[in-house]
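Heads up: the structure comes next, in C-alpha cells.
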Amino acid sequence: MNNKTLQTVDNLFKGIVWLVVGIILNTAIQLFATAGSQGLALSFGFPAKGRLATVLMVGITIIFMAMTVSIMLWAIRRVSPNVGLHPFQVQKLKWVGYGFASIIVGSMVINAVRVLVTGQVSEPENQRMLEQMAQQGGYGLIFILVLAVIVAPLVEELIFRGIILNYFFKNGWWWTNVFLSAGLFGLYHVYTGFNLFDFLQYSLMGLILAIVYKKTRQIQYAMALHFVNNSFSMLVLVLTMVLH
C-alpha cells in the first residue's frame, strides 16, 4: 500500500476508536449526572429528585460535558488542527437557517410517508422516552432540557461530525463521510428500538448537519443548527405539557 492508503487506513482505525470513546463519554455524562446527583442528595438527607439533586445534576452534567468536549476537540485537532469554536460569521449563519428549514420540511415528508405506509402518526421512541422523563417532574424536565439544548449540540456534533468528517474518508468523495455521519447518527438515536421511519428522520437530520459543517468548514454552525432544532423541539414539548 502507498502512503496515502496507509494514512487513510490509519485514520479509519483511529476514527473508530475515538467514535467509540465519544459515545461512551456521552453516555457517561447522563449516567453520572443522574446517579451521582441522586446519590449525593440522598446521602445528605434530601430527596433523590429534589432541588439539591437538580442543582447537583446540572453541575455534574456541565463538568463532565466540559471534559468530554475537551477530549473530543483534542482528538479532532490531531488530524485537523484548525477545528474549534471560532467567531461566527454573518454570511455563514444562513446555513443554519437553510438547515433548520430543510430539517422541518424533510421531517414533514417522512411523517407523511409514514402515515401513508402505516396509517398512523407516531413519535420516535427516543422522543417518547424524553417526554416520559420530562413528565416526571422538575428534575426530569431540567435534565432533558440540559441534555437536549446544551449537551447534545456540543458533544454529539464533535462525535458525529467532528470525528467522522475529519477521520473517515476526509480526502475521498465529498458525500462519503456525509452519508456515514448521517447513518451512524440515525442508528445512535434508534438503538433502543429500531424503526425505519425514526431512523430516516434522525439520519436526515444528521445528513443536513454534516452538509452544514462541510459547507461552512466550521463546526460551530452545525452546533448552532443542532441547538436551534433541539430548542424548538423542547419548546414544543414544554408548551404541550403546559397546555395539557
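Each chain in the C-alpha cells gets a letter, A, B, ..., in the order shown, and its residues are numbered from 1; ligands are numbered from 1 in order too.
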Query - Residue contacts of range 43-51 of chain A (12 Å, only C-alpha atoms) excluding same-chain residues fewer than 3 positions away, as a PyMOL selection string - result: chain A and resi 33-40+54-58+133+136-143
Query raised in the report: Counting only C-alpha atoms, what is within 12 Å of Asn26 in chain A, bar same-chain residues fewer than 2 positions away, as JSON, numbers by chain?
Result: {"A": [18, 19, 20, 21, 22, 23, 24, 28, 29, 30, 31, 32, 33, 61, 62, 64, 65, 66, 67, 68, 69, 71, 72, 147, 151, 152, 153, 154, 155, 156, 157, 158, 159, 160, 188]}
Using 7 Å as the limit and counting only C-alpha atoms, can you tabulate each residue of range 83-162 of chain A that touches range 196-218 of chain A, with its shortest atom-to-atom distance in Å and the two atoms involved, as a tab-separated table?
residue	atom	partner	partner_atom	distance
A:Val83	CA	A:Gln218	CA	6.9
A:Lys92	CA	A:Thr216	CA	6.2
A:Trp95	CA	A:Val212	CA	6.1
A:Gly99	CA	A:Ile208	CA	6.0
A:Ile103	CA	A:Met205	CA	5.9
A:Ser107	CA	A:Gln201	CA	6.0
A:Ile110	CA	A:Gln201	CA	6.7
A:Arg114	CA	A:Phe197	CA	6.6
A:Pro124	CA	A:Asp198	CA	5.2
A:Arg161	CA	A:Ala210	CA	6.0
Dump as an mmCIF file, in the first residue's frame, selection limited to N, CA, C and O atoms:
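What follows is the written file part.cif:
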data_model
loop_
_atom_site.group_PDB
_atom_site.id
_atom_site.type_symbol
_atom_site.label_atom_id
_atom_site.label_comp_id
_atom_site.auth_asym_id
_atom_site.auth_seq_id
_atom_site.Cartn_x
_atom_site.Cartn_y
_atom_site.Cartn_z
ATOM 1 N N VAL A 83 -9.727 22.946 13.772
ATOM 2 C CA VAL A 83 -11.091 22.738 14.268
ATOM 3 C C VAL A 83 -11.222 23.340 15.661
ATOM 4 O O VAL A 83 -10.395 23.126 16.529
ATOM 5 N N LYS A 92 -22.161 33.116 6.937
ATOM 6 C CA LYS A 92 -22.261 31.670 7.084
ATOM 7 C C LYS A 92 -23.461 31.247 7.930
ATOM 8 O O LYS A 92 -23.869 30.083 7.894
ATOM 9 N N TRP A 95 -26.566 29.236 6.609
ATOM 10 C CA TRP A 95 -26.630 27.783 6.529
ATOM 11 C C TRP A 95 -27.398 27.190 7.703
ATOM 12 O O TRP A 95 -27.981 26.111 7.584
ATOM 13 N N GLY A 99 -30.499 24.950 6.965
ATOM 14 C CA GLY A 99 -30.514 23.626 7.565
ATOM 15 C C GLY A 99 -31.774 23.376 8.376
ATOM 16 O O GLY A 99 -32.383 22.304 8.276
ATOM 17 N N ILE A 103 -34.604 20.530 7.705
ATOM 18 C CA ILE A 103 -34.986 19.511 8.686
ATOM 19 C C ILE A 103 -36.500 19.480 8.868
ATOM 20 O O ILE A 103 -37.122 18.408 8.906
ATOM 21 N N SER A 107 -38.673 16.349 7.653
ATOM 22 C CA SER A 107 -39.415 15.603 8.673
ATOM 23 C C SER A 107 -40.892 15.502 8.312
ATOM 24 O O SER A 107 -41.525 14.461 8.528
ATOM 25 N N ILE A 110 -41.183 12.815 5.618
ATOM 26 C CA ILE A 110 -41.031 11.470 6.185
ATOM 27 C C ILE A 110 -42.274 11.074 6.981
ATOM 28 O O ILE A 110 -42.755 9.938 6.879
ATOM 29 N N ARG A 114 -44.835 8.068 6.377
ATOM 30 C CA ARG A 114 -45.127 7.161 7.500
ATOM 31 C C ARG A 114 -46.640 6.916 7.623
ATOM 32 O O ARG A 114 -47.092 5.785 7.797
ATOM 33 N N PRO A 124 -40.825 9.236 17.350
ATOM 34 C CA PRO A 124 -39.679 8.346 17.534
ATOM 35 C C PRO A 124 -39.574 7.875 18.980
ATOM 36 O O PRO A 124 -39.923 8.615 19.916
ATOM 37 N N ARG A 161 -19.965 14.634 13.733
ATOM 38 C CA ARG A 161 -19.455 15.464 12.652
ATOM 39 C C ARG A 161 -17.946 15.650 12.806
ATOM 40 O O ARG A 161 -17.176 15.402 11.883
#
Query - Residues of range 126-239 of chain A in helix (DSSP H, G or I), written as a PyMOL selection string - result: chain A and resi 126-134+138-167+176-188+196-216+219-239
Report task. Point out the residue among A:Gln91, A:Asn126, A:Ser80, A:Thr240 with the least atom-to-atom distance to Gly186 in chain A, counting only C-alpha atoms. Result -> A:Asn126
Requested in this report: Kindly give the distance, in Å, that separates CA of Asp10 in chain A and CA of Thr176 in chain A, rounded to a single decimal.
Outcome: 17.2 Å
Requested in this report: Using CA of Lys94 in chain A and CA of Tyr167 in chain A as the two end points, give the distance in Å to one decimal.
Outcome: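 Those two atoms sit 26.6 Å apart.
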Which residues are near Ile164 in chain A? Cut-off 9 Å, only C-alpha atoms, ignore same chain within fewer than 5 positions. Put them as a short mmCIF file (atom, residue, chain, number, x, y, z; two decimals) with N, CA, C and O atoms, in the first residue's frame.
data_model
loop_
_atom_site.label_atom_id
_atom_site.label_comp_id
_atom_site.auth_asym_id
_atom_site.auth_seq_id
_atom_site.Cartn_x
_atom_site.Cartn_y
_atom_site.Cartn_z
N GLY A 15 -10.24 6.73 13.96
CA GLY A 15 -11.58 7.31 13.98
C GLY A 15 -12.58 6.41 14.67
O GLY A 15 -13.43 6.88 15.44
N ILE A 16 -12.49 5.10 14.41
CA ILE A 16 -13.39 4.15 15.06
C ILE A 16 -13.18 4.17 16.58
O ILE A 16 -14.13 4.17 17.37
N LEU A 19 -14.58 7.39 17.95
CA LEU A 19 -16.04 7.35 17.87
C LEU A 19 -16.61 6.58 19.05
O LEU A 19 -17.57 7.04 19.70
N LEU A 158 -19.42 17.07 17.96
CA LEU A 158 -17.99 16.72 17.97
C LEU A 158 -17.78 15.24 17.64
O LEU A 158 -16.81 14.88 16.98
N ILE A 159 -18.73 14.40 18.07
CA ILE A 159 -18.60 12.96 17.81
C ILE A 159 -18.98 12.64 16.37
O ILE A 159 -18.18 12.07 15.61
N PHE A 169 -12.48 9.06 5.58
CA PHE A 169 -12.54 9.42 4.15
C PHE A 169 -12.53 10.93 3.91
O PHE A 169 -13.24 11.43 3.05
N LYS A 170 -11.71 11.64 4.67
CA LYS A 170 -11.69 13.10 4.55
C LYS A 170 -11.26 13.56 3.17
O LYS A 170 -11.76 14.58 2.66
N ASN A 177 -18.26 10.54 3.69
CA ASN A 177 -18.37 10.66 5.14
C ASN A 177 -19.63 11.41 5.57
O ASN A 177 -20.04 11.33 6.73
N VAL A 178 -20.25 12.15 4.65
CA VAL A 178 -21.52 12.81 4.96
C VAL A 178 -22.60 11.76 5.20
O VAL A 178 -23.34 11.81 6.19
N LEU A 180 -22.06 8.60 5.87
CA LEU A 180 -21.64 7.81 7.03
C LEU A 180 -22.06 8.50 8.33
O LEU A 180 -22.59 7.86 9.24
N SER A 181 -21.82 9.80 8.38
CA SER A 181 -22.21 10.59 9.55
C SER A 181 -23.71 10.51 9.77
O SER A 181 -24.19 10.33 10.90
#
Query raised in the report: Could you state the separation of CA of Leu235 in chain A and CA of Asn195 in chain A in Å, given to one decimal place?
Result: 24.8 Å
